[in-house]
>>> print(open('structure_18.cif').read())   # mmCIF, C-alpha atoms
data_entry
loop_
_atom_site.group_PDB
_atom_site.id
_atom_site.type_symbol
_atom_site.label_atom_id
_atom_site.label_comp_id
_atom_site.auth_asym_id
_atom_site.auth_seq_id
_atom_site.Cartn_x
_atom_site.Cartn_y
_atom_site.Cartn_z
ATOM 1 C CA MET A 838 -4.963 36.948 -59.869
ATOM 2 C CA LYS A 839 -3.156 39.665 -57.983
ATOM 3 C CA ILE A 840 -2.892 39.194 -54.208
ATOM 4 C CA ASP A 841 -1.962 42.196 -52.072
ATOM 5 C CA LEU A 842 0.678 41.200 -49.540
ATOM 6 C CA ARG A 843 1.809 42.806 -46.294
ATOM 7 C CA ASP A 844 5.410 42.376 -45.121
ATOM 8 C CA GLN A 845 4.669 41.264 -41.565
ATOM 9 C CA ARG A 846 7.846 41.089 -39.462
ATOM 10 C CA PHE A 847 6.501 40.391 -35.982
ATOM 11 C CA LEU A 848 7.416 36.715 -35.792
ATOM 12 C CA THR A 849 10.912 37.258 -37.194
ATOM 13 C CA ILE A 850 11.643 39.995 -34.661
ATOM 14 C CA VAL A 851 10.286 37.929 -31.761
ATOM 15 C CA MET A 852 12.308 34.875 -32.722
ATOM 16 C CA ASP A 853 15.428 37.042 -33.058
ATOM 17 C CA ALA A 854 14.880 38.362 -29.523
ATOM 18 C CA ILE A 855 14.423 34.812 -28.214
ATOM 19 C CA ASN A 856 17.387 33.277 -30.045
ATOM 20 C CA LEU A 857 19.695 36.135 -29.113
ATOM 21 C CA LEU A 858 18.654 35.699 -25.482
ATOM 22 C CA GLU A 859 19.343 31.966 -25.677
ATOM 23 C CA GLU A 860 22.857 32.498 -27.029
ATOM 24 C CA SER A 861 23.645 35.286 -24.573
ATOM 25 C CA SER A 862 22.680 33.032 -21.659
ATOM 26 C CA ILE A 863 25.141 30.400 -22.880
ATOM 27 C CA LEU A 864 28.156 32.589 -23.605
ATOM 28 C CA GLN A 865 28.296 34.786 -20.478
ATOM 29 C CA ASN A 866 31.121 36.913 -21.915
ATOM 30 C CA GLN A 867 31.491 40.149 -23.875
ATOM 31 C CA LEU A 868 29.906 38.616 -26.957
ATOM 32 C CA GLY A 869 27.107 37.335 -24.755
ATOM 33 C CA ALA A 870 26.542 40.861 -23.433
ATOM 34 C CA SER A 871 26.367 42.178 -27.004
ATOM 35 C CA LEU A 872 23.788 39.520 -27.873
ATOM 36 C CA ALA A 873 21.783 40.443 -24.759
ATOM 37 C CA ARG A 874 21.700 44.097 -25.825
ATOM 38 C CA ALA A 875 20.575 43.042 -29.296
ATOM 39 C CA SER A 876 17.854 40.881 -27.761
ATOM 40 C CA ILE A 877 16.615 43.827 -25.711
ATOM 41 C CA MET A 878 16.431 46.073 -28.755
ATOM 42 C CA ASN A 879 14.491 43.430 -30.672
ATOM 43 C CA SER A 880 12.083 43.053 -27.748
ATOM 44 C CA VAL A 881 11.473 46.797 -27.764
ATOM 45 C CA VAL A 882 10.923 46.773 -31.531
ATOM 46 C CA VAL A 883 8.327 44.005 -31.044
ATOM 47 C CA VAL A 884 5.988 46.527 -29.411
ATOM 48 C CA GLU A 885 6.437 48.985 -32.281
ATOM 49 C CA ALA A 886 5.881 46.238 -34.865
ATOM 50 C CA VAL A 887 2.686 45.131 -33.136
ATOM 51 C CA ALA A 888 1.415 48.713 -32.988
ATOM 52 C CA ASN A 889 1.956 49.140 -36.725
ATOM 53 C CA CYS A 890 0.246 45.823 -37.493
ATOM 54 C CA CYS A 891 -2.753 46.928 -35.451
ATOM 55 C CA LEU A 892 -2.889 50.324 -37.132
ATOM 56 C CA PHE A 893 -2.863 48.677 -40.570
ATOM 57 C CA ALA A 894 -5.744 46.403 -39.581
ATOM 58 C CA THR A 895 -7.997 49.375 -38.726
ATOM 59 C CA LYS A 896 -8.222 50.211 -42.459
ATOM 60 C CA ALA A 897 -7.340 53.839 -41.773
ATOM 61 C CA SER A 898 -5.994 55.466 -44.933
ATOM 62 C CA GLY A 899 -4.825 58.706 -46.446
ATOM 63 C CA THR A 900 -4.296 61.685 -44.168
ATOM 64 C CA LEU A 901 -5.773 59.895 -41.153
ATOM 65 C CA PHE A 902 -3.329 57.007 -41.496
ATOM 66 C CA ARG A 903 -0.354 59.359 -41.845
ATOM 67 C CA GLU A 904 -1.402 61.263 -38.739
ATOM 68 C CA LEU A 905 -1.946 58.078 -36.727
ATOM 69 C CA ASP A 906 1.352 56.663 -37.950
ATOM 70 C CA ARG A 907 3.184 59.491 -36.191
ATOM 71 C CA LEU A 908 1.783 58.482 -32.810
ATOM 72 C CA PRO A 909 3.891 56.569 -30.254
ATOM 73 C CA PRO A 910 3.285 52.785 -30.044
ATOM 74 C CA LEU A 911 0.950 52.815 -27.033
ATOM 75 C CA ALA A 912 -1.214 55.503 -28.617
ATOM 76 C CA LYS A 913 -1.513 53.420 -31.805
ATOM 77 C CA LEU A 914 -2.529 50.390 -29.757
ATOM 78 C CA ASP A 915 -5.056 52.510 -27.859
ATOM 79 C CA TYR A 916 -6.574 53.649 -31.161
ATOM 80 C CA PHE A 917 -6.832 50.052 -32.375
ATOM 81 C CA CYS A 918 -8.465 48.902 -29.142
ATOM 82 C CA PHE A 919 -11.026 51.705 -29.254
ATOM 83 C CA ALA A 920 -11.739 51.048 -32.932
ATOM 84 C CA ILE A 921 -12.642 47.387 -32.369
ATOM 85 C CA LYS A 922 -13.922 47.346 -28.777
ATOM 86 C CA ARG A 923 -14.748 50.953 -27.862
ATOM 87 C CA VAL A 924 -12.498 50.804 -24.812
ATOM 88 C CA HIS A 925 -9.173 52.414 -24.016
ATOM 89 C CA ILE A 926 -6.000 50.910 -22.607
ATOM 90 C CA ASP A 927 -5.845 51.240 -18.836
ATOM 91 C CA ARG A 928 -2.597 53.164 -18.443
ATOM 92 C CA GLY A 929 -2.565 52.456 -14.713
ATOM 93 C CA ILE A 930 -2.222 48.670 -14.768
ATOM 94 C CA ARG A 931 1.110 47.034 -14.027
ATOM 95 C CA GLU A 932 1.635 45.548 -17.509
ATOM 96 C CA VAL A 933 1.247 48.933 -19.198
ATOM 97 C CA GLU A 934 3.444 50.667 -16.628
ATOM 98 C CA LEU A 935 6.251 48.160 -17.196
ATOM 99 C CA VAL A 936 6.057 48.126 -20.991
ATOM 100 C CA SER A 937 6.179 51.940 -20.967
ATOM 101 C CA GLU A 938 9.456 51.623 -19.097
ATOM 102 C CA VAL A 939 10.702 49.202 -21.762
ATOM 103 C CA LEU A 940 9.783 51.606 -24.546
ATOM 104 C CA HIS A 941 11.824 54.329 -22.849
ATOM 105 C CA LEU A 942 14.869 52.063 -23.128
ATOM 106 C CA ARG A 943 14.582 52.345 -26.904
ATOM 107 C CA ASP A 944 14.895 56.128 -26.678
ATOM 108 C CA HIS A 945 17.746 55.716 -24.193
ATOM 109 C CA ILE A 946 19.738 53.811 -26.821
ATOM 110 C CA ALA A 947 18.552 55.425 -30.044
ATOM 111 C CA HIS A 948 18.946 58.998 -28.775
ATOM 112 C CA PRO A 949 22.018 58.902 -26.533
ATOM 113 C CA LYS A 950 22.581 61.963 -24.395
ATOM 114 C CA PRO A 951 25.080 62.546 -21.586
ATOM 115 C CA LYS A 952 23.596 61.285 -18.333
ATOM 116 C CA SER A 953 24.652 62.313 -14.860
ATOM 117 C CA GLY A 954 26.010 59.616 -12.554
ATOM 118 C CA GLU A 955 27.981 59.237 -9.390
ATOM 119 C CA LEU A 956 31.264 57.598 -8.492
ATOM 120 C CA VAL A 957 30.786 54.501 -6.362
ATOM 121 C CA LEU A 958 33.440 52.652 -4.396
ATOM 122 C CA GLY A 959 33.061 48.952 -5.102
ATOM 123 C CA SER A 960 34.801 46.016 -3.442
ATOM 124 C CA ASP A 961 37.686 46.137 -5.930
ATOM 125 C CA GLU A 962 37.547 49.452 -7.728
ATOM 126 C CA GLU A 963 35.626 52.661 -8.235
ATOM 127 C CA TYR A 964 32.995 52.787 -10.935
ATOM 128 C CA GLY A 965 30.419 55.183 -12.324
ATOM 129 C CA SER A 966 26.781 54.480 -11.468
ATOM 130 C CA TYR A 967 24.065 55.954 -13.700
ATOM 131 C CA GLY A 968 21.062 54.448 -11.941
ATOM 132 C CA ALA A 969 18.403 52.088 -13.243
ATOM 133 C CA THR A 970 14.787 52.087 -14.360
ATOM 134 C CA LYS A 971 12.245 52.465 -11.554
ATOM 135 C CA ASN A 972 10.447 49.123 -11.689
ATOM 136 C CA LEU A 973 12.426 46.649 -13.783
ATOM 137 C CA GLN A 974 15.741 47.926 -12.406
ATOM 138 C CA ILE A 975 17.399 47.784 -15.835
ATOM 139 C CA PRO A 976 20.702 49.702 -15.519
ATOM 140 C CA PHE A 977 20.961 52.842 -17.621
ATOM 141 C CA ASP A 978 24.579 51.867 -18.234
ATOM 142 C CA THR A 979 24.043 49.522 -21.187
ATOM 143 C CA ARG A 980 27.445 47.922 -20.545
ATOM 144 C CA GLN A 981 25.807 46.185 -17.593
ATOM 145 C CA TRP A 982 23.109 44.533 -19.677
ATOM 146 C CA GLY A 983 23.207 40.749 -19.805
ATOM 147 C CA SER A 984 20.903 37.791 -20.301
ATOM 148 C CA SER A 985 18.968 38.451 -17.077
ATOM 149 C CA GLU A 986 18.047 41.965 -18.251
ATOM 150 C CA ALA A 987 17.186 40.631 -21.702
ATOM 151 C CA LYS A 988 14.896 38.009 -20.178
ATOM 152 C CA SER A 989 13.204 40.624 -17.990
ATOM 153 C CA VAL A 990 12.494 42.890 -20.964
ATOM 154 C CA LEU A 991 11.207 40.075 -23.192
ATOM 155 C CA THR A 992 8.939 38.748 -20.431
ATOM 156 C CA THR A 993 7.572 42.242 -19.819
ATOM 157 C CA VAL A 994 6.716 42.668 -23.504
ATOM 158 C CA MET A 995 5.043 39.252 -23.745
ATOM 159 C CA ARG A 996 2.937 39.808 -20.618
ATOM 160 C CA PHE A 997 1.797 43.172 -21.910
ATOM 161 C CA LEU A 998 0.780 41.731 -25.289
ATOM 162 C CA SER A 999 -1.129 38.916 -23.613
ATOM 163 C CA THR A 1000 -3.031 41.391 -21.442
ATOM 164 C CA PHE A 1001 -3.643 43.764 -24.343
ATOM 165 C CA PHE A 1002 -4.924 41.280 -26.905
ATOM 166 C CA LEU A 1003 -6.748 38.779 -24.705
ATOM 167 C CA ASP A 1004 -8.084 40.900 -21.841
ATOM 168 C CA THR A 1005 -8.418 44.427 -23.221
ATOM 169 C CA CYS A 1006 -9.243 43.665 -26.869
ATOM 170 C CA GLY A 1007 -10.923 40.303 -26.251
ATOM 171 C CA LEU A 1008 -9.362 38.618 -29.297
ATOM 172 C CA THR A 1009 -8.708 34.909 -29.772
ATOM 173 C CA LYS A 1010 -5.138 33.833 -30.366
ATOM 174 C CA GLY A 1011 -6.170 32.656 -33.835
ATOM 175 C CA LYS A 1012 -7.234 36.196 -34.719
ATOM 176 C CA VAL A 1013 -4.080 37.660 -33.179
ATOM 177 C CA THR A 1014 -2.031 35.241 -35.297
ATOM 178 C CA THR A 1015 -3.740 36.586 -38.417
ATOM 179 C CA LEU A 1016 -3.212 40.166 -37.296
ATOM 180 C CA LEU A 1017 0.517 39.785 -36.625
ATOM 181 C CA VAL A 1018 1.752 36.952 -38.850
ATOM 182 C CA VAL A 1019 -0.444 36.449 -41.944
ATOM 183 C CA ARG A 1020 0.742 38.322 -45.043
ATOM 184 C CA GLU A 1021 -2.376 38.469 -47.250
ATOM 185 C CA THR A 1022 -4.074 41.848 -46.764
ATOM 186 C CA ASP A 1023 -7.603 40.523 -47.328
ATOM 187 C CA LEU A 1024 -7.156 37.832 -44.682
ATOM 188 C CA ILE A 1025 -5.679 40.281 -42.179
ATOM 189 C CA ARG A 1026 -8.617 42.655 -42.488
ATOM 190 C CA LYS A 1027 -11.251 39.919 -42.382
ATOM 191 C CA GLY A 1028 -9.978 38.925 -38.951
ATOM 192 C CA ILE A 1029 -10.225 35.180 -39.412
ATOM 193 C CA ASP A 1030 -8.536 32.627 -37.145
ATOM 194 C CA THR A 1031 -5.255 31.149 -38.388
ATOM 195 C CA TYR A 1032 -2.167 29.428 -37.004
ATOM 196 C CA VAL A 1033 1.539 29.431 -37.814
ATOM 197 C CA THR A 1034 3.998 26.544 -37.916
ATOM 198 C CA VAL A 1035 7.635 26.682 -36.832
ATOM 199 C CA GLY A 1036 10.431 24.151 -36.471
ATOM 200 C CA ARG A 1037 10.668 22.164 -33.258
ATOM 201 C CA ALA A 1038 13.785 24.062 -32.089
ATOM 202 C CA ASP A 1039 11.985 27.415 -32.437
ATOM 203 C CA PHE A 1040 8.878 26.037 -30.727
ATOM 204 C CA GLU A 1041 10.928 24.845 -27.770
ATOM 205 C CA ALA A 1042 12.807 28.172 -27.595
ATOM 206 C CA VAL A 1043 9.487 30.019 -27.376
ATOM 207 C CA THR A 1044 8.338 27.692 -24.609
ATOM 208 C CA LYS A 1045 11.589 28.241 -22.693
ATOM 209 C CA TRP A 1046 11.964 32.011 -22.952
ATOM 210 C CA ALA A 1047 8.599 33.505 -23.974
ATOM 211 C CA LYS A 1048 5.851 31.095 -22.977
ATOM 212 C CA GLN A 1049 3.292 33.921 -22.982
ATOM 213 C CA LEU A 1050 3.666 34.007 -26.769
ATOM 214 C CA HIS A 1051 1.761 30.704 -26.856
ATOM 215 C CA GLU A 1052 -1.170 32.544 -25.256
ATOM 216 C CA ILE A 1053 -1.476 35.132 -28.029
ATOM 217 C CA ILE A 1054 -0.187 33.298 -31.122
ATOM 218 C CA ASP A 1055 -1.361 29.866 -32.262
ATOM 219 C CA ILE A 1056 2.090 28.347 -32.828
ATOM 220 C CA ARG A 1057 2.373 24.720 -33.890
ATOM 221 C CA VAL A 1058 5.312 22.485 -34.719
ATOM 222 C CA THR A 1059 5.716 21.940 -38.453
ATOM 223 C CA GLU A 1060 4.809 18.465 -39.620
ATOM 224 C CA LYS A 1061 7.504 18.339 -42.307
ATOM 225 C CA PRO A 1062 9.062 14.878 -42.584
ATOM 226 C CA ASN A 1063 12.516 14.121 -41.131
ATOM 227 C CA GLU A 1064 12.329 16.918 -38.534
#
>>> encode(input="structure_18.cif", output="structure tokens")
Amino acid sequence: MKIDLRDQRFLTIVMDAINLLEESSILQNQLGASLARASIMNSVVVVEAVANCCLFATKASGTLFRELDRLPPLAKLDYFCFAIKRVHIDRGIREVELVSEVLHLRDHIAHPKPKSGELVLGSDEEYGSYGATKNLQIPFDTRQWGSSEAKSVLTTVMRFLSTFFLDTCGLTKGKVTTLLVVRETDLIRKGIDTYVTVGRADFEAVTKWAKQLHEIIDIRVTEKPNE
């Protein structure tokens, strides 16, 4: 019997963002800063991955799917929400405002353009200041990114997803788990409740850095022996 599978990457990307954040918080050096930047990029990609999972679940196909696939992440999520609940995302709430700021960071890195700054006299030396995002205060100078910025971005993404799936879409975390983690196409589109198991170390890392993920995904510790 042939089973149609979907290469779902949400959980892998989330765990990468979490584990990179964990390591960056320990190192506190140049390598730690690199890991923090990588964590931030993974956190941003989480939103795009979720949007594509949601679009797939709507069963749109052909020309319609190709047209929808060209939309930005928030527009895809809005389409999904309207398709299942007949409501739109409230673009004015805090969680949406902040995640929009996070998504702009992706463009800031992926499409680098010269940005105006000003010379600032610090306590020891002069340095160039390029400003920061309005609400999260993430510096536009990516050299200044560290574990605190990575934590802020990851938390913003998780809070948005919790609000989107639970409050706006009214889904259970079992159904969200199926939507984002399960790989069998038939199961994804039937919208059944499922759960996912991870190792204890990963479970504890989620609890430490992205506790909101427990609200939207039914994550349980694997019961494999000797763990």
>>> closest_residue(input="structure_18.cif", among="A:Tyr1032, A:Trp1046, A:Phe1002, A:Phe1040", to="Lys922 (chain A)", atoms="only C-alpha atoms")
A:Phe1002
>>> atom_distance(input="structure_18.cif", atom1="CA of Ala854 (chain A)", atom2="CA of Pro910 (chain A)")
18.5 Å
>>> residues_around(input="structure_18.cif", residues="Cys918 (chain A)", least_positions_apart="6", cutoff="8 Å", atoms="all atoms listed in the file", output="mmCIF file with C-alpha atoms, in the frame of the given file")
data_model
loop_
_atom_site.group_PDB
_atom_site.id
_atom_site.type_symbol
_atom_site.label_atom_id
_atom_site.label_comp_id
_atom_site.auth_asym_id
_atom_site.auth_seq_id
_atom_site.Cartn_x
_atom_site.Cartn_y
_atom_site.Cartn_z
ATOM 1 C CA VAL A 924 -12.498 50.804 -24.812
ATOM 2 C CA HIS A 925 -9.173 52.414 -24.016
ATOM 3 C CA ILE A 926 -6.000 50.910 -22.607
ATOM 4 C CA THR A 1005 -8.418 44.427 -23.221
ATOM 5 C CA CYS A 1006 -9.243 43.665 -26.869
#
>>> atom_distance(input="structure_18.cif", atom1="CA of Ala870 (chain A)", atom2="CA of Ala1042 (chain A)")
19.2 Å
>>> resolve_selection(input="structure_18.cif", expression="the PyMOL selection byres ((chain A and resi 893-908) around 12)", output="PyMOL selection string")
chain A and resi 843-845+885-892+909-922+1012-1013+1015-1017+1019-1028
>>> resolve_selection(input="structure_18.cif", expression="the PyMOL selection byres ((chain A and resi 861-867) around 10)", output="MDAnalysis selection string")
chainID A and resid 855:860 868:876 980 983:985 987:988
>>> write_last_selection(input="structure_18.cif", atoms="C-alpha atoms", output="PDB file, in the frame of the given file")
ATOM      1  CA  ILE A 855      14.423  34.812 -28.214  1.00  0.00           C
ATOM      2  CA  ASN A 856      17.387  33.277 -30.045  1.00  0.00           C
ATOM      3  CA  LEU A 857      19.695  36.135 -29.113  1.00  0.00           C
ATOM      4  CA  LEU A 858      18.654  35.699 -25.482  1.00  0.00           C
ATOM      5  CA  GLU A 859      19.343  31.966 -25.677  1.00  0.00           C
ATOM      6  CA  GLU A 860      22.857  32.498 -27.029  1.00  0.00           C
ATOM      7  CA  LEU A 868      29.906  38.616 -26.957  1.00  0.00           C
ATOM      8  CA  GLY A 869      27.107  37.335 -24.755  1.00  0.00           C
ATOM      9  CA  ALA A 870      26.542  40.861 -23.433  1.00  0.00           C
ATOM     10  CA  SER A 871      26.367  42.178 -27.004  1.00  0.00           C
ATOM     11  CA  LEU A 872      23.788  39.520 -27.873  1.00  0.00           C
ATOM     12  CA  ALA A 873      21.783  40.443 -24.759  1.00  0.00           C
ATOM     13  CA  ARG A 874      21.700  44.097 -25.825  1.00  0.00           C
ATOM     14  CA  ALA A 875      20.575  43.042 -29.296  1.00  0.00           C
ATOM     15  CA  SER A 876      17.854  40.881 -27.761  1.00  0.00           C
ATOM     16  CA  ARG A 980      27.445  47.922 -20.545  1.00  0.00           C
ATOM     17  CA  GLY A 983      23.207  40.749 -19.805  1.00  0.00           C
ATOM     18  CA  SER A 984      20.903  37.791 -20.301  1.00  0.00           C
ATOM     19  CA  SER A 985      18.968  38.451 -17.077  1.00  0.00           C
ATOM     20  CA  ALA A 987      17.186  40.631 -21.702  1.00  0.00           C
ATOM     21  CA  LYS A 988      14.896  38.009 -20.178  1.00  0.00           C
TER      22      LYS A 988
END
>>> closest_residue(input="structure_18.cif", among="A:Val933, A:Met878, A:Gly1007, A:His1051", to="Ile946 (chain A)", atoms="all atoms listed in the file")
A:Met878
>>> resolve_selection(input="structure_18.cif", expression="the PyMOL selection byres ((chain A and resi 934) around 12)", output="JSON, numbers by chain")
{"A": [911, 926, 927, 928, 929, 930, 931, 932, 933, 935, 936, 937, 938, 939, 940, 941, 970, 971, 972, 973, 993, 994, 996, 997]}
>>> atom_distance(input="structure_18.cif", atom1="CA of Ile840 (chain A)", atom2="CA of Val1033 (chain A)")
19.6 Å
>>> residues_around(input="structure_18.cif", residues="Glu1041 (chain A)", least_positions_apart="2", cutoff="12 Å", atoms="all atoms listed in the file", output="number ranges by chain")
A: 852, 855-856, 859, 1035-1039, 1043-1048, 1050-1051, 1056-1058
>>> axis_aligned_box(input="structure_18.cif", around="region 964-977 of chain A", padding_each_side="5 Å", output="JSON")
{"center_x": 21.7, "center_y": 51.3, "center_z": -14.3, "size_x": 32.5, "size_y": 19.3, "size_z": 16.7}
>>> closest_residue(input="structure_18.cif", among="A:Phe977, A:Ile1054, A:Thr1031, A:Val1018", to="Leu842 (chain A)", atoms="all atoms listed in the file")
A:Val1018
